[in-house]
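S.K.: My file is query_16.cif. It has mmCIF, C-alpha atoms and all ligand atoms:
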data_entry
#
loop_
_atom_site.label_atom_id
_atom_site.label_comp_id
_atom_site.auth_asym_id
_atom_site.auth_seq_id
_atom_site.Cartn_x
_atom_site.Cartn_y
_atom_site.Cartn_z
CA MET A 1 -87.41 -146.85 181.13
CA PHE A 2 -84.52 -148.23 183.16
CA HIS A 3 -84.73 -149.45 186.73
CA THR A 4 -82.33 -148.01 189.30
CA LYS A 5 -80.18 -150.48 191.18
CA ILE A 6 -77.74 -150.03 194.01
CA ALA A 7 -74.53 -151.31 192.43
CA GLY A 8 -72.19 -150.61 195.33
CA LEU A 9 -72.41 -149.39 198.90
CA GLY A 10 -70.01 -148.41 201.66
CA TYR A 11 -69.71 -146.61 204.96
CA TYR A 12 -67.08 -144.96 207.06
CA VAL A 13 -67.19 -144.08 210.73
CA PRO A 14 -64.37 -142.29 212.53
CA GLU A 15 -62.15 -144.26 214.87
CA ARG A 16 -62.87 -142.31 218.02
CA ILE A 17 -65.59 -143.92 220.13
CA VAL A 18 -67.36 -141.61 222.57
CA PRO A 19 -69.29 -143.58 225.18
CA ASN A 20 -72.07 -141.98 227.18
CA SER A 21 -69.76 -141.89 230.19
CA GLU A 22 -67.55 -139.34 228.39
CA LEU A 23 -70.52 -137.01 227.99
CA GLU A 24 -71.29 -137.40 231.69
CA ASN A 25 -68.05 -135.48 232.30
CA LEU A 26 -69.14 -132.58 230.12
CA MET A 27 -72.79 -132.04 231.00
CA ASP A 28 -75.40 -133.05 233.53
CA THR A 29 -76.47 -136.34 232.03
CA THR A 30 -76.16 -140.04 232.74
CA ASP A 31 -75.51 -143.16 230.76
CA ALA A 32 -78.76 -144.59 232.16
CA TRP A 33 -80.84 -141.58 230.98
CA ILE A 34 -79.38 -141.67 227.49
CA GLN A 35 -79.79 -145.42 227.08
CA GLU A 36 -83.30 -145.49 228.48
CA ARG A 37 -84.62 -142.61 226.30
CA THR A 38 -82.68 -143.21 223.10
CA GLY A 39 -80.98 -146.62 223.18
CA ILE A 40 -77.62 -144.97 222.44
CA GLN A 41 -74.55 -146.40 224.18
CA GLU A 42 -71.83 -144.66 222.21
CA ARG A 43 -71.20 -142.62 219.07
CA ARG A 44 -68.20 -141.72 216.93
CA TYR A 45 -66.54 -138.32 216.65
CA GLY A 46 -64.34 -137.36 213.72
CA LYS A 47 -60.71 -136.38 214.15
CA LEU A 48 -60.46 -132.63 214.67
CA HIS A 49 -58.69 -130.70 211.91
CA GLN A 50 -58.20 -133.89 209.90
CA GLU A 51 -61.66 -135.22 209.18
CA THR A 52 -64.68 -133.37 207.89
CA THR A 53 -68.08 -134.22 206.47
CA THR A 54 -66.45 -134.18 203.04
CA THR A 55 -63.48 -136.41 203.86
CA MET A 56 -65.65 -139.00 205.62
CA GLY A 57 -68.05 -138.95 202.67
CA ALA A 58 -65.12 -139.56 200.33
CA ARG A 59 -63.95 -142.58 202.35
CA ALA A 60 -67.44 -144.13 202.19
CA ALA A 61 -67.68 -143.29 198.49
CA GLU A 62 -64.37 -145.02 197.67
CA ILE A 63 -65.71 -148.26 199.12
CA ALA A 64 -69.03 -147.97 197.29
CA ILE A 65 -67.25 -147.25 194.00
CA GLU A 66 -64.93 -150.22 194.37
CA ARG A 67 -67.85 -152.53 195.15
CA ALA A 68 -69.73 -151.21 192.11
CA GLY A 69 -66.75 -152.33 190.01
CA ILE A 70 -66.23 -148.92 188.42
CA GLN A 71 -63.53 -146.27 188.51
CA LYS A 72 -64.13 -143.01 190.36
CA GLU A 73 -63.78 -141.20 187.02
CA ASP A 74 -66.90 -143.06 185.81
CA ILE A 75 -69.13 -141.16 188.27
CA ASP A 76 -71.33 -138.88 186.18
CA PHE A 77 -73.31 -137.14 188.94
CA ILE A 78 -72.60 -136.48 192.63
CA ILE A 79 -75.40 -135.99 195.14
CA PHE A 80 -74.33 -135.10 198.67
CA ALA A 81 -76.78 -135.01 201.58
CA THR A 82 -75.74 -133.37 204.86
CA LEU A 83 -76.84 -130.94 207.56
CA SER A 84 -73.28 -130.36 208.75
CA PRO A 85 -71.51 -129.10 205.62
CA ASP A 86 -67.86 -128.04 205.78
CA TYR A 87 -68.82 -124.58 204.53
CA PHE A 88 -72.01 -122.51 204.52
CA PHE A 89 -71.26 -122.47 200.79
CA PRO A 90 -70.15 -124.02 198.48
CA GLY A 91 -71.62 -127.41 199.27
CA CYS A 92 -69.88 -130.67 200.09
CA GLY A 93 -70.59 -132.11 196.62
CA VAL A 94 -67.89 -130.02 194.98
CA LEU A 95 -65.53 -130.48 197.92
CA LEU A 96 -65.95 -134.25 197.62
CA GLN A 97 -65.22 -134.06 193.92
CA ARG A 98 -61.95 -132.27 194.72
CA GLU A 99 -61.14 -134.58 197.66
CA MET A 100 -61.55 -137.59 195.36
CA LYS A 101 -59.47 -135.93 192.64
CA ILE A 102 -62.14 -136.16 189.97
CA THR A 103 -62.53 -132.47 189.19
CA ALA A 104 -61.20 -133.01 185.65
CA GLN A 105 -64.39 -134.92 184.78
CA GLU A 106 -66.51 -131.84 185.60
CA MET A 107 -69.53 -133.96 186.52
CA PRO A 108 -72.34 -132.01 188.24
CA ALA A 109 -72.50 -131.98 192.03
CA LEU A 110 -75.68 -131.32 193.98
CA ASP A 111 -76.09 -130.78 197.71
CA VAL A 112 -79.31 -131.93 199.36
CA ARG A 113 -80.32 -130.06 202.54
CA ASN A 114 -83.00 -132.33 203.92
CA GLN A 115 -81.42 -133.39 207.17
CA CYS A 116 -82.46 -136.85 208.39
CA SER A 117 -84.38 -137.64 205.21
CA GLY A 118 -81.60 -136.24 202.99
CA PHE A 119 -80.42 -139.63 201.83
CA ILE A 120 -83.91 -140.73 200.79
CA TYR A 121 -84.52 -137.42 199.02
CA GLY A 122 -81.17 -137.91 197.27
CA LEU A 123 -82.09 -141.45 196.35
CA SER A 124 -85.32 -140.26 194.80
CA ILE A 125 -83.52 -137.58 192.78
CA ALA A 126 -80.96 -140.13 191.58
CA ASP A 127 -83.73 -142.57 190.68
CA GLN A 128 -85.38 -140.05 188.35
CA PHE A 129 -82.11 -139.36 186.52
CA ILE A 130 -81.22 -143.05 186.18
CA LYS A 131 -84.69 -144.14 185.05
CA THR A 132 -84.70 -141.65 182.23
CA GLY A 133 -81.20 -142.66 181.10
CA LYS A 134 -79.66 -139.27 181.86
CA TYR A 135 -76.87 -140.65 184.12
CA LYS A 136 -75.28 -144.10 184.47
CA ASN A 137 -73.20 -143.94 187.65
CA ILE A 138 -74.60 -141.64 190.29
CA LEU A 139 -72.69 -141.33 193.55
CA LEU A 140 -75.02 -140.57 196.45
CA VAL A 141 -73.38 -139.71 199.76
CA GLY A 142 -74.84 -138.98 203.19
CA SER A 143 -72.28 -137.68 205.64
CA GLU A 144 -72.20 -135.76 208.92
CA MET A 145 -69.58 -134.29 211.21
CA GLN A 146 -72.03 -133.13 213.83
CA SER A 147 -69.56 -133.18 216.70
CA MET A 148 -68.22 -129.82 215.46
CA GLY A 149 -71.45 -127.94 216.08
CA LEU A 150 -73.00 -129.30 219.27
CA ASP A 151 -73.49 -127.57 222.60
CA TYR A 152 -71.55 -129.63 225.13
CA SER A 153 -72.94 -127.73 228.11
CA THR A 154 -75.96 -128.98 230.08
CA ARG A 155 -78.18 -126.59 228.14
CA GLY A 156 -77.64 -128.57 224.95
CA ARG A 157 -77.88 -132.04 226.49
CA ASN A 158 -81.19 -133.06 224.93
CA VAL A 159 -79.63 -132.64 221.46
CA SER A 160 -75.93 -133.31 221.95
CA VAL A 161 -76.22 -136.79 223.44
CA ILE A 162 -78.14 -137.99 220.39
CA PHE A 163 -75.91 -137.10 217.45
CA GLY A 164 -72.79 -138.72 216.05
CA ASP A 165 -70.47 -138.58 213.05
CA GLY A 166 -70.17 -140.91 210.07
CA ALA A 167 -70.81 -141.36 206.37
CA GLY A 168 -72.45 -143.75 203.95
CA ALA A 169 -72.53 -143.87 200.17
CA VAL A 170 -74.07 -145.77 197.29
CA VAL A 171 -73.47 -145.98 193.55
CA LEU A 172 -76.66 -146.12 191.51
CA GLN A 173 -76.82 -147.59 188.03
CA PRO A 174 -79.47 -148.41 185.43
CA SER A 175 -80.70 -151.96 185.08
CA LEU A 176 -83.05 -153.63 182.62
CA GLU A 177 -84.10 -156.37 185.03
CA GLU A 178 -87.86 -156.26 185.61
CA ASN A 179 -89.26 -155.91 189.13
CA SER A 180 -85.87 -155.14 190.63
CA GLY A 181 -84.04 -152.13 192.03
CA ILE A 182 -85.87 -149.11 193.41
CA LEU A 183 -89.59 -149.83 193.11
CA SER A 184 -90.67 -146.39 194.28
CA THR A 185 -89.77 -143.47 196.50
CA HIS A 186 -92.19 -141.32 198.51
CA LEU A 187 -91.28 -137.87 199.79
CA HIS A 188 -93.10 -135.44 202.07
CA ALA A 189 -92.56 -132.19 203.93
CA ASP A 190 -94.48 -129.95 206.32
CA GLY A 191 -92.74 -126.70 207.18
CA THR A 192 -95.15 -125.78 209.99
CA TYR A 193 -92.63 -126.87 212.62
CA ALA A 194 -89.46 -125.82 210.83
CA GLU A 195 -87.88 -124.32 213.95
CA GLU A 196 -88.71 -127.23 216.26
CA LEU A 197 -85.62 -129.10 215.14
CA ALA A 198 -83.24 -126.56 213.70
CA PHE A 199 -79.87 -124.87 213.65
CA ILE A 200 -80.95 -121.26 213.31
CA ASN A 201 -77.97 -119.04 214.13
CA PRO A 202 -75.83 -117.69 212.67
CA GLY A 203 -78.04 -117.12 209.66
CA CYS A 204 -79.59 -114.76 207.17
CA HIS A 205 -83.13 -114.80 208.64
CA GLY A 206 -82.89 -111.35 210.22
CA GLY A 207 -85.55 -112.33 212.78
CA TYR A 208 -88.29 -112.58 210.14
CA HIS A 209 -89.69 -115.93 211.29
CA LEU A 210 -89.30 -115.72 215.05
CA GLY A 211 -89.26 -112.01 215.87
CA LEU A 212 -86.44 -109.52 216.32
CA GLU A 213 -86.22 -109.60 220.09
CA ARG A 214 -84.90 -113.10 220.61
CA PHE A 215 -81.86 -112.37 218.46
CA GLY A 216 -81.11 -108.90 219.78
CA TYR A 217 -81.86 -107.05 216.55
CA THR A 218 -82.28 -103.36 217.28
CA ASP A 219 -80.42 -100.98 215.04
CA GLN A 220 -78.11 -103.39 213.26
CA GLU A 221 -76.78 -102.47 209.89
CA TYR A 222 -76.53 -105.14 207.21
CA GLY A 223 -73.13 -106.35 208.38
CA GLY A 224 -74.40 -107.14 211.89
CA ILE A 225 -77.33 -109.36 211.01
CA PHE A 226 -75.73 -112.76 210.46
CA LEU A 227 -74.33 -113.14 213.97
CA THR A 228 -75.41 -110.66 216.64
CA GLU A 229 -73.80 -109.89 219.97
CA LYS A 230 -76.86 -111.36 221.73
CA MET A 231 -76.64 -114.64 219.80
CA TRP A 232 -72.99 -114.92 220.77
CA GLN A 233 -73.39 -113.86 224.41
CA GLU A 234 -76.33 -116.20 224.98
CA GLN A 235 -74.66 -118.94 222.94
CA ASP A 236 -77.80 -119.15 220.82
CA ILE A 237 -75.65 -120.71 218.09
CA PHE A 238 -76.41 -124.42 218.43
CA PRO A 239 -79.08 -126.83 217.19
CA ASN A 240 -82.30 -126.91 219.19
CA MET A 241 -84.98 -129.57 219.31
CA ASN A 242 -88.46 -129.99 220.70
CA GLY A 243 -87.84 -133.68 221.43
CA GLN A 244 -91.40 -134.59 222.36
CA LEU A 245 -92.93 -133.03 219.24
CA VAL A 246 -90.32 -134.71 217.06
CA PHE A 247 -90.98 -138.03 218.74
CA LYS A 248 -94.78 -137.79 218.43
CA THR A 249 -94.67 -136.74 214.79
CA ALA A 250 -92.05 -139.30 213.85
CA VAL A 251 -94.03 -142.25 215.19
CA THR A 252 -96.99 -141.17 213.06
CA LYS A 253 -95.15 -140.29 209.87
CA PHE A 254 -92.78 -143.27 209.74
CA PRO A 255 -95.54 -145.93 209.52
CA GLU A 256 -97.64 -143.67 207.27
CA VAL A 257 -94.97 -143.25 204.62
CA ILE A 258 -94.00 -146.93 204.76
CA HIS A 259 -97.64 -147.97 204.22
CA GLU A 260 -97.83 -145.48 201.36
CA ALA A 261 -94.87 -147.18 199.66
CA LEU A 262 -96.29 -150.66 200.25
CA LYS A 263 -99.69 -149.66 198.90
CA ALA A 264 -98.17 -148.07 195.79
CA ASN A 265 -96.56 -151.42 194.98
CA ASP A 266 -99.48 -153.60 196.03
CA LEU A 267 -97.44 -155.09 198.88
CA LYS A 268 -98.04 -155.70 202.60
CA SER A 269 -95.79 -155.08 205.59
CA SER A 270 -95.32 -158.87 205.86
CA ASP A 271 -93.60 -158.72 202.45
CA ILE A 272 -90.78 -156.58 203.87
CA SER A 273 -87.56 -158.58 204.23
CA LEU A 274 -85.67 -155.82 206.00
CA LEU A 275 -86.61 -152.37 207.26
CA ILE A 276 -83.80 -149.83 207.51
CA PRO A 277 -85.25 -146.95 209.51
CA HIS A 278 -83.33 -143.71 209.91
CA GLN A 279 -81.63 -144.16 213.27
CA ALA A 280 -83.33 -141.31 215.12
CA ASN A 281 -84.02 -143.03 218.38
CA LEU A 282 -84.27 -146.73 219.23
CA ARG A 283 -87.68 -146.15 220.83
CA ILE A 284 -89.01 -144.66 217.59
CA SER A 285 -87.71 -147.61 215.56
CA GLN A 286 -89.20 -150.11 218.03
CA PHE A 287 -92.54 -148.33 217.86
CA VAL A 288 -92.50 -148.47 214.05
CA GLN A 289 -91.53 -152.14 214.17
CA ARG A 290 -94.55 -152.93 216.37
CA GLN A 291 -96.87 -150.90 214.16
CA LEU A 292 -95.79 -152.89 211.13
CA GLY A 293 -95.77 -156.20 212.96
CA LEU A 294 -92.14 -156.92 212.05
CA LYS A 295 -89.84 -159.30 213.93
CA ASP A 296 -86.56 -158.10 215.46
CA GLU A 297 -84.53 -159.68 212.67
CA GLN A 298 -86.52 -157.67 210.08
CA VAL A 299 -85.33 -154.30 211.40
CA TRP A 300 -81.75 -153.07 211.39
CA ASN A 301 -80.78 -150.96 214.40
CA ASN A 302 -77.30 -149.61 215.02
CA ILE A 303 -78.07 -146.37 216.86
CA GLN A 304 -76.68 -148.06 219.99
CA ARG A 305 -73.19 -147.80 218.46
CA TYR A 306 -73.33 -144.66 216.32
CA GLY A 307 -76.06 -142.41 217.69
CA ASN A 308 -78.09 -140.48 215.16
CA THR A 309 -75.90 -139.74 212.14
CA THR A 310 -78.68 -137.89 210.29
CA ALA A 311 -78.17 -138.08 206.50
CA ALA A 312 -75.59 -140.83 206.97
CA SER A 313 -77.70 -143.13 209.13
CA VAL A 314 -79.67 -144.93 206.39
CA PRO A 315 -76.67 -145.69 204.13
CA ILE A 316 -74.52 -146.75 207.10
CA ALA A 317 -77.25 -149.10 208.33
CA LEU A 318 -77.96 -150.42 204.85
CA THR A 319 -74.29 -151.15 204.23
CA GLU A 320 -73.87 -152.82 207.61
CA ALA A 321 -76.90 -155.02 206.98
CA TRP A 322 -75.62 -155.90 203.51
CA GLU A 323 -72.17 -156.75 204.90
CA ALA A 324 -73.83 -158.94 207.52
CA GLY A 325 -75.52 -160.94 204.75
CA LYS A 326 -78.98 -159.66 205.66
CA VAL A 327 -79.69 -158.21 202.20
CA ASN A 328 -79.89 -160.78 199.43
CA LYS A 329 -81.06 -161.04 195.86
CA GLY A 330 -84.85 -160.79 195.69
CA ASP A 331 -85.25 -159.30 199.17
CA LEU A 332 -87.67 -156.42 199.67
CA VAL A 333 -85.79 -153.68 201.50
CA CYS A 334 -87.64 -150.70 202.90
CA LEU A 335 -85.83 -147.47 203.76
CA ALA A 336 -87.63 -144.79 205.76
CA ALA A 337 -86.65 -141.52 207.40
CA PHE A 338 -88.13 -138.61 209.28
CA GLY A 339 -86.53 -135.46 210.58
CA SER A 340 -86.03 -131.72 210.66
CA GLY A 341 -88.21 -129.67 208.35
CA PHE A 342 -90.24 -131.68 209.03
CA THR A 343 -89.35 -133.83 206.04
CA TRP A 344 -89.83 -137.54 205.65
CA GLY A 345 -89.80 -140.25 203.04
CA SER A 346 -89.53 -143.92 202.16
CA ALA A 347 -88.13 -146.12 199.43
CA LEU A 348 -88.83 -149.72 198.51
CA ILE A 349 -86.05 -151.66 196.85
CA ARG A 350 -86.23 -155.15 195.38
CA TRP A 351 -82.61 -156.25 195.78
N1 LIG A 401 -79.67 -136.14 230.22
C1 LIG A 401 -80.42 -136.00 231.32
N2 LIG A 401 -81.58 -135.34 231.33
C2 LIG A 401 -82.00 -134.79 230.19
C3 LIG A 401 -81.26 -134.90 229.01
C4 LIG A 401 -80.05 -135.60 229.06
N3 LIG A 401 -79.26 -135.76 227.99
N4 LIG A 401 -81.93 -134.27 228.03
C5 LIG A 401 -83.05 -133.77 228.55
N5 LIG A 401 -83.10 -134.09 229.88
C6 LIG A 401 -84.12 -133.75 230.86
C7 LIG A 401 -84.90 -132.52 230.48
O1 LIG A 401 -84.20 -131.36 230.87
C8 LIG A 401 -86.16 -132.72 231.27
O2 LIG A 401 -85.92 -132.36 232.58
P1 LIG A 401 -87.08 -131.64 233.47
O3 LIG A 401 -88.19 -132.66 233.52
O4 LIG A 401 -86.40 -131.43 234.77
O5 LIG A 401 -87.44 -130.41 232.73
C9 LIG A 401 -86.35 -134.23 231.23
O6 LIG A 401 -85.08 -134.78 230.89
C10 LIG A 401 -87.38 -134.69 230.23
O7 LIG A 401 -87.14 -133.96 229.00
P2 LIG A 401 -87.91 -134.28 227.71
O8 LIG A 401 -87.32 -133.46 226.59
O9 LIG A 401 -89.37 -134.17 227.97
O10 LIG A 401 -87.48 -135.79 227.56
P3 LIG A 401 -88.06 -136.89 226.62
O11 LIG A 401 -88.59 -137.98 227.43
O12 LIG A 401 -88.93 -136.32 225.55
O13 LIG A 401 -86.74 -137.40 225.93
C11 LIG A 401 -85.61 -137.16 223.87
C12 LIG A 401 -85.95 -136.53 225.19
C13 LIG A 401 -84.80 -136.12 223.11
C14 LIG A 401 -84.75 -138.38 224.10
C15 LIG A 401 -86.90 -137.56 223.14
O14 LIG A 401 -87.81 -136.50 223.17
C16 LIG A 401 -86.65 -137.97 221.76
O15 LIG A 401 -85.97 -138.94 221.51
N6 LIG A 401 -87.25 -137.28 220.79
C17 LIG A 401 -87.02 -137.56 219.40
C18 LIG A 401 -85.69 -137.02 219.08
C19 LIG A 401 -85.23 -137.42 217.75
O16 LIG A 401 -85.47 -138.50 217.31
N7 LIG A 401 -84.51 -136.54 217.12
C20 LIG A 401 -83.95 -136.77 215.88
C21 LIG A 401 -85.00 -136.68 214.85
S1 LIG A 401 -84.35 -137.06 213.36
#
The structure given in the file should be rewritten as structure tokens.
M.R.:
Amino acid sequence: MFHTKIAGLGYYVPERIVPNSELENLMDTTDAWIQERTGIQERRYGKLHQETTTTMGARAAEIAIERAGIQKEDIDFIIFATLSPDYFFPGCGVLLQREMKITAQEMPALDVRNQCSGFIYGLSIADQFIKTGKYKNILLVGSEMQSMGLDYSTRGRNVSVIFGDGAGAVVLQPSLEENSGILSTHLHADGTYAEELAFINPGCHGGYHLGLERFGYTDQEYGGIFLTEKMWQEQDIFPNMNGQLVFKTAVTKFPEVIHEALKANDLKSSDISLLIPHQANLRISQFVQRQLGLKDEQVWNNIQRYGNTTAASVPIALTEAWEAGKVNKGDLVCLAAFGSGFTWGSALIRW
């Protein structure tokens, strides 16, 4: 069996910086509230009509590919994680293939719909294919253009202030070096609270999960199910979040899944060189840090500058930490994420 190593990594964030003060002009919120509850000072928003989840993913991928020392045509599998795809279908994987002008290679492209843990789910999928020798250069991308689908009125403030745009990517390759690369990945899901952090409408649910009334279903024919008059009139077409439930569950599941990974490899939290938590909320990351007894320099936080970039947050943070010289040969790097679904996961990597 091969081991899976990260051969190249890159990130891209759009130029436009949106400080909290800009959101103060759009909704009833304050810089102080946002910073105190989430740690976020600013986020990036992609350029309208010019940037998308796909194009940002491609920019991050180009950097990762160059650092891996391969040509883009060498990529033999594309995995794309996002919750803000350009289209309902097809997925961003095929759009990225076209954007990067590598359609002639006809490599497979898979979209992963696991929100904040999408990158770790993607990493685990890639790991299985590399270990068995099926693929040799997997491109894994996490990218989000969330600014396109947020509610900028006061009603959406608990969600909209948190999220930002950006992309990260890695190239994964097989290695024969013992005790190096991805040591293990650990994935979990519990659909009980699926709607507590969700983007429900428009959609094909037809009211099955939450009842017909909320969506205004009465005598609709098939054509009127996807987006009803009531959804539109009440602007029930944005993400919603039960922040407190997400917070409470996250602070339990993050440490749990990290301990699971450590135990599986006979390691202790003190062995971790660097923890890259999904950048959900600075308070969540600080809580996890305390639980694991890690020092400030052992945890990478950048939510202050980018907000929560969902599937992109782990690869952006990992790349930033690597560029800052915080990830070196032999280091034990722990990735962990929790989010909508709920889904969560961790990965341990010996660099
Ligand atoms: N600005 C100002 N006030 C806001 C606000 C905003 N952006 N968002 C919500 N509020 C208000 C609420 O309306 C509420 O007002 P009320 O008391 O008058 O009803 C008050 O602040 C408290 O709301 P609540 O939702 O209980 O706040 P909270 O302390 O739980 O903080 C979050 C909200 C979203 C910051 C917090 O719950 C959180 O971070 N949860 C985890 C979110 C997360 O990580 N999501 C991503 C998962 S991957």
S.K.: Give me, as a short mmCIF file (atom, residue, chain, number, x, y, z; two decimals) with C-alpha atoms, keeping the file's coordinate frame, the set of residues whose atoms come within 8 Å of any atom of ligand LIG 401 (chain A), counting all atoms listed in the file.
M.R.:
data_model
loop_
_atom_site.label_atom_id
_atom_site.label_comp_id
_atom_site.auth_asym_id
_atom_site.auth_seq_id
_atom_site.Cartn_x
_atom_site.Cartn_y
_atom_site.Cartn_z
CA ASP A 28 -75.40 -133.05 233.53
CA THR A 29 -76.47 -136.34 232.03
CA THR A 30 -76.16 -140.04 232.74
CA TRP A 33 -80.84 -141.58 230.98
CA ILE A 34 -79.38 -141.67 227.49
CA ARG A 37 -84.62 -142.61 226.30
CA THR A 38 -82.68 -143.21 223.10
CA GLN A 115 -81.42 -133.39 207.17
CA CYS A 116 -82.46 -136.85 208.39
CA THR A 154 -75.96 -128.98 230.08
CA GLY A 156 -77.64 -128.57 224.95
CA ARG A 157 -77.88 -132.04 226.49
CA ASN A 158 -81.19 -133.06 224.93
CA VAL A 159 -79.63 -132.64 221.46
CA SER A 160 -75.93 -133.31 221.95
CA VAL A 161 -76.22 -136.79 223.44
CA ILE A 162 -78.14 -137.99 220.39
CA LEU A 197 -85.62 -129.10 215.14
CA MET A 241 -84.98 -129.57 219.31
CA ASN A 242 -88.46 -129.99 220.70
CA GLY A 243 -87.84 -133.68 221.43
CA GLN A 244 -91.40 -134.59 222.36
CA LEU A 245 -92.93 -133.03 219.24
CA VAL A 246 -90.32 -134.71 217.06
CA PHE A 247 -90.98 -138.03 218.74
CA LYS A 248 -94.78 -137.79 218.43
CA ALA A 250 -92.05 -139.30 213.85
CA HIS A 278 -83.33 -143.71 209.91
CA GLN A 279 -81.63 -144.16 213.27
CA ALA A 280 -83.33 -141.31 215.12
CA ASN A 281 -84.02 -143.03 218.38
CA ARG A 283 -87.68 -146.15 220.83
CA ILE A 284 -89.01 -144.66 217.59
CA ASN A 308 -78.09 -140.48 215.16
CA THR A 310 -78.68 -137.89 210.29
CA ALA A 337 -86.65 -141.52 207.40
CA PHE A 338 -88.13 -138.61 209.28
CA GLY A 339 -86.53 -135.46 210.58
CA SER A 340 -86.03 -131.72 210.66
#
S.K.: From the list A:Asn302, A:Thr185, A:Thr309, A:Gln71, which residue is nearest Ser346 of chain A when using all atoms listed in the file?
M.R.: A:Thr185
S.K.: Restricting the calculation to only C-alpha atoms, which member of A:Ile75, A:Ala58, A:Val327, A:Val170 is positioned closest to Ile272 of chain A?
M.R.: A:Val327
S.K.: Find, counting all atoms listed in the file, the residue in A:Asp76, A:Asp165, A:Glu196, A:Glu229 that gets nearest to Leu140 of chain A.
M.R.: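 Smallest separation from Leu140 of chain A among the options: A:Asp76.
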S.K.: Using all atoms listed in the file, which protein or nucleic acid residues come within 10 Å of Leu318 of chain A? Drop anything in the same chain fewer than 2 positions from it, and give the result as a PyMOL selection string.
M.R.: chain A and resi 9-11+168-170+274-278+300-301+313-316+320-324+326-327+333-335
S.K.: One number please: atom CA of Ile182 of chain A to atom CA of Thr4 of chain A, in Å, one decimal.
M.R.: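 Between atom CA of Ile182 of chain A and atom CA of Thr4 of chain A the gap works out to 5.5 Å.
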S.K.: Segment 153-189 of chain A near segment 258-263 of chain A within 9 Å: what's each residue's closest atom pair and its distance in Å to one decimal, counting only C-alpha atoms, ordered by chain then ascending residue number, as a tab-separated table?
M.R.:
residue	atom	partner	partner_atom	distance
A:Leu183	CA	A:Ala261	CA	8.8
A:Ser184	CA	A:Ala261	CA	6.9
A:Thr185	CA	A:Ala261	CA	7.1
A:His186	CA	A:Ala261	CA	6.5
S.K.: Output C-alpha atoms for every residue in the selection just made, as a short mmCIF file (atom, residue, chain, number, x, y, z; two decimals), in the frame of the given file.
M.R.:
data_model
loop_
_atom_site.label_atom_id
_atom_site.label_comp_id
_atom_site.auth_asym_id
_atom_site.auth_seq_id
_atom_site.Cartn_x
_atom_site.Cartn_y
_atom_site.Cartn_z
CA LEU A 183 -89.59 -149.83 193.11
CA SER A 184 -90.67 -146.39 194.28
CA THR A 185 -89.77 -143.47 196.50
CA HIS A 186 -92.19 -141.32 198.51
#
S.K.: Restricting the calculation to all atoms listed in the file, which member of A:Gln41, A:Gln289, A:Thr82, A:Gln35 is positioned closest to Gly122 of chain A?
M.R.: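 Selected residue with least distance to Gly122 of chain A: A:Thr82.
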S.K.: Mind pulling up the distance from atom CA of Phe238 of chain A to atom CA of Leu150 of chain A?
M.R.: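 Taking atom CA of Leu150 of chain A as the start and atom CA of Phe238 of chain A as the end point, the length is 6.0 Å.
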S.K.: Set the distance at 10 Å and use all atoms listed in the file: which residues neighbour segment 214-223 of chain A once local chain neighbours fewer than 3 positions away are removed? I'd like the list as a PyMOL selection string.
M.R.: chain A and resi 201-202+206-207+210-211+226-232+234+236
S.K.: What does the distance between atom CA of His49 of chain A and atom CA of Ser147 of chain A come to in Å, to one decimal place?
M.R.: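 If I compute the distance from atom CA of His49 of chain A to atom CA of Ser147 of chain A, I get 12.1 Å.
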S.K.: Which polymer residues, whether protein, DNA or RNA, lie within 12 Å of the coordinate (-68.5, -148.7, 194.9) when you count only C-alpha atoms? List them as a count of residues only, using the chain letters and numbers from the file.
M.R.: 36
S.K.: Could you pull the residues within 12 Å of Glu15 of chain A, counting only C-alpha atoms, minus those fewer than 4 positions along the same chain, as a PyMOL selection string?
M.R.: chain A and resi 43-48+51+56+165-166+306
